[in-house]
Number of protein chains: 2
Amino acid sequence: MTLQQLRYFLATADQGSFSAAAAGLRLAQPSVSEQVRLLEAELGVALFVRAGRTLTLTEAGRTLRRHAGRILAAVDDARTAVAEVRQVLTGTVTLGVFGTASYYLVSEVVEGFRRRHPGVRVRLVG
Amino acid sequence: MTLQQLRYFLATADQGSFSAAAAGLRLAQPSVSEQVRLLEAELGVALFVRAGRTLTLTEAGRTLRRHAGRILAAVDDARTAVAEVRQVLTGTVTLGVFGTASYYLVSEVVEGFRRRHPGVRVRLVG
DNA sequence: TAATATTACGTATTACGTAAAGATT
DNA sequence: AATCTTTACGTAATACGTAATATTA
């Protein structure tokens with residue numbers, strides 16, 4: 001089970017069609033079909049009932065649909081959370097330091113900070 | 001971002017080492033390193049600070065760790081839920097039918113049922 | 001020097017697209 | 001006939017392992 005497969009499955013379930021889902025995902029239909037087929041194979045259940053050209057979700061399909069939505073939402077949350085941290089920890093900090101022994105005193109702290117936050121540029125101004 | 005990458009990342013964070021994580025996952029170290037590196041590249045943030053041979057999670061890494069745990073748990077939930085449905089909908093139903101016109105009457109219902117639950121074997125006994 | 005991480009590179013897997021066939025309305 | 005799905009197959013991307021290099025305790 002991959003996130004990609006869950007996305008393709010969800011798009012197909014939403015659209016009720018492989019071709020429509022593929023169009024929305026800007027992919028060829030067979031690619032979408034294949035991934036859904038692989039997902040079904042791994043889970044050991046049919047997710048759709050193919051009756052002619054009409055697709056219907058099975059019970060398993062409806063179940064997975066709910067869970068897939070949750071999973072993909074959690075992935076988006078993760079992205080957002082990390083992006084926010086990156087935002088915060090990607091800038092420049094300018095530090096004014098006065099007094100002779102000061103460099104010594106701050107160097108240790110600054111080094112530790114730099115190690116933990118490599119994305120932040122630390123400028124020391126004497 | 002793939003589930004695989006999240007698994008490798010989580011294992012590495014838990015073990016505090018690429019080699020230990022790789023051993024646990026029964027993979028070669030470079031494979032694990034590479035996937036984590038790709039994950040960092042996609043997110044645009046370092047997840048670990050490489051200080052010598054010691055790995056430490058960055059702020060972004062700690063954030064992702066929490067979310068990754070949630071995501072992978074949600075995936076397990078999905079698997080379990082689908083497996084339960086499969087369990088229920090993979091058996092044999094034997095239906096005793098009496099009376100002359102009965103087959104006609106039930107056939108429509110049975111066909112609909114079969115369509116919705118292809119995993120269930122339906123036996124009709126006259 | 002023993003243990004760990006990174007880099008380099010070849011191989012095997014796999015995701016994708018195009019093309020063709022099958023099926024249904 | 002037109003639309004959709006599946007099958008078949010070749011190609012490109014990529015995940016993996018082995019080997020070599022670098023780095024540190």
# chains A, B, ... in the order shown; residues from 1 in each chain; ligands from 1

call {"tool": "residues_around", "arguments": {"residues": "region 29-34 of chain B", "least_positions_apart": "6", "cutoff": "7 Å", "atoms": "only C-alpha atoms (C1' of nucleotides)", "output": "PyMOL selection string"}}
result
(chain B and resi 8+18-19+22) or (chain D and resi 16)

call {"tool": "residues_around", "arguments": {"residues": "DC4 (chain D)", "least_positions_apart": "3", "cutoff": "12 Å", "atoms": "only C-alpha atoms (C1' of nucleotides)", "output": "list in words"}}
result
Gly16, Ser17, Phe18, Ser19, Ala20, Gln29, Pro30, Ser33, Arg50, Ala51, Gly52, Arg53, Thr54 and Leu55 of chain A; DG22, DA23, DT24 and DT25 of chain C

call {"tool": "interface_residues", "arguments": {"of": "chain A", "to": "chain B", "cutoff": "8 Å", "atoms": "only C-alpha atoms", "output": "number ranges by chain"}}
result
A: 2-3, 43-46, 49, 51, 58-60, 63-64, 67-68, 70-71, 74-75, 77-79, 81-83, 85-86, 115-119

call {"tool": "closest_residue", "arguments": {"among": "D:DT6, D:DA13, D:DA1, D:DT18", "to": "chain B", "atoms": "only C-alpha atoms (C1' of nucleotides)"}}
result
D:DT18

call {"tool": "atom_distance", "arguments": {"atom1": "C1' of DA19 (chain D)", "atom2": "CA of Ala13 (chain B)"}}
result
26.7 Å

call {"tool": "residues_around", "arguments": {"residues": "DA12 (chain D)", "least_positions_apart": "6", "cutoff": "12 Å", "atoms": "only C-alpha atoms (C1' of nucleotides)", "output": "ChimeraX atom specification"}}
result
/C:14-17

call {"tool": "interface_residues", "arguments": {"of": "chain D", "to": "chain B", "cutoff": "7 Å", "atoms": "only C-alpha atoms (C1' of nucleotides)", "output": "VMD selection string"}}
result
chain D and resid 16 to 17 23 to 24

call {"tool": "closest_residue", "arguments": {"among": "A:Arg26, A:Glu40, A:Val88, A:Thr94", "to": "chain C", "atoms": "only C-alpha atoms (C1' of nucleotides)"}}
result
A:Arg26

call {"tool": "atom_distance", "arguments": {"atom1": "CA of Val122 (chain A)", "atom2": "CA of Val97 (chain A)"}}
result
12.3 Å

call {"tool": "atom_distance", "arguments": {"atom1": "C1' of DA20 (chain D)", "atom2": "C1' of DA3 (chain C)"}}
result
16.0 Å

call {"tool": "interface_residues", "arguments": {"of": "chain C", "to": "chain B", "cutoff": "12 Å", "atoms": "only C-alpha atoms (C1' of nucleotides)", "output": "ChimeraX atom specification"}}
result
/C:3-8

call {"tool": "write_last_selection", "arguments": {"atoms": "N, CA and C atoms (P, O5', C5', C4', C3', O3' and C1' of nucleotides)", "output": "mmCIF file, in the first residue's frame"}}
result
data_model
loop_
_atom_site.group_PDB
_atom_site.id
_atom_site.type_symbol
_atom_site.label_atom_id
_atom_site.label_comp_id
_atom_site.auth_asym_id
_atom_site.auth_seq_id
_atom_site.Cartn_x
_atom_site.Cartn_y
_atom_site.Cartn_z
ATOM 1 P P DA C 3 33.745 -2.971 15.346
ATOM 2 O "O5'" DA C 3 32.824 -1.680 15.152
ATOM 3 C "C5'" DA C 3 32.737 -0.715 16.186
ATOM 4 C "C4'" DA C 3 32.055 0.525 15.651
ATOM 5 C "C3'" DA C 3 30.826 0.250 14.787
ATOM 6 O "O3'" DA C 3 29.790 1.142 15.164
ATOM 7 C "C1'" DA C 3 32.354 1.595 13.589
ATOM 8 P P DT C 4 28.319 0.901 14.614
ATOM 9 O "O5'" DT C 4 28.095 2.163 13.669
ATOM 10 C "C5'" DT C 4 28.229 3.470 14.187
ATOM 11 C "C4'" DT C 4 28.381 4.457 13.059
ATOM 12 C "C3'" DT C 4 27.306 4.348 11.979
ATOM 13 O "O3'" DT C 4 26.450 5.478 12.060
ATOM 14 C "C1'" DT C 4 29.479 4.682 11.062
ATOM 15 P P DA C 5 25.263 5.646 11.019
ATOM 16 O "O5'" DA C 5 25.895 6.617 9.924
ATOM 17 C "C5'" DA C 5 26.381 7.896 10.310
ATOM 18 C "C4'" DA C 5 26.976 8.611 9.101
ATOM 19 C "C3'" DA C 5 26.024 8.732 7.911
ATOM 20 O "O3'" DA C 5 26.008 10.067 7.427
ATOM 21 C "C1'" DA C 5 28.047 7.677 7.243
ATOM 22 P P DT C 6 25.089 10.405 6.165
ATOM 23 O "O5'" DT C 6 26.104 10.425 4.931
ATOM 24 C "C5'" DT C 6 27.246 11.261 4.975
ATOM 25 C "C4'" DT C 6 28.099 11.037 3.730
ATOM 26 C "C3'" DT C 6 27.354 11.226 2.401
ATOM 27 O "O3'" DT C 6 28.051 12.193 1.636
ATOM 28 C "C1'" DT C 6 28.563 9.184 2.404
ATOM 29 P P DT C 7 27.420 12.714 0.242
ATOM 30 O "O5'" DT C 7 28.205 11.839 -0.835
ATOM 31 C "C5'" DT C 7 29.624 11.753 -0.736
ATOM 32 C "C4'" DT C 7 30.152 10.807 -1.792
ATOM 33 C "C3'" DT C 7 29.494 10.918 -3.171
ATOM 34 O "O3'" DT C 7 30.514 11.043 -4.143
ATOM 35 C "C1'" DT C 7 29.542 8.665 -2.461
ATOM 36 P P DA C 8 30.163 11.231 -5.700
ATOM 37 O "O5'" DA C 8 30.250 9.746 -6.271
ATOM 38 C "C5'" DA C 8 31.365 8.940 -5.927
ATOM 39 C "C4'" DA C 8 31.337 7.649 -6.725
ATOM 40 C "C3'" DA C 8 30.602 7.735 -8.065
ATOM 41 O "O3'" DA C 8 31.334 6.991 -9.024
ATOM 42 C "C1'" DA C 8 29.628 6.035 -6.757
#

call {"tool": "select_by_dssp", "arguments": {"residues": "region 11-89 of chain B", "states": "strand (DSSP E)", "output": "NGL selection string"}}
result
:B and (48-51 or 54-57)
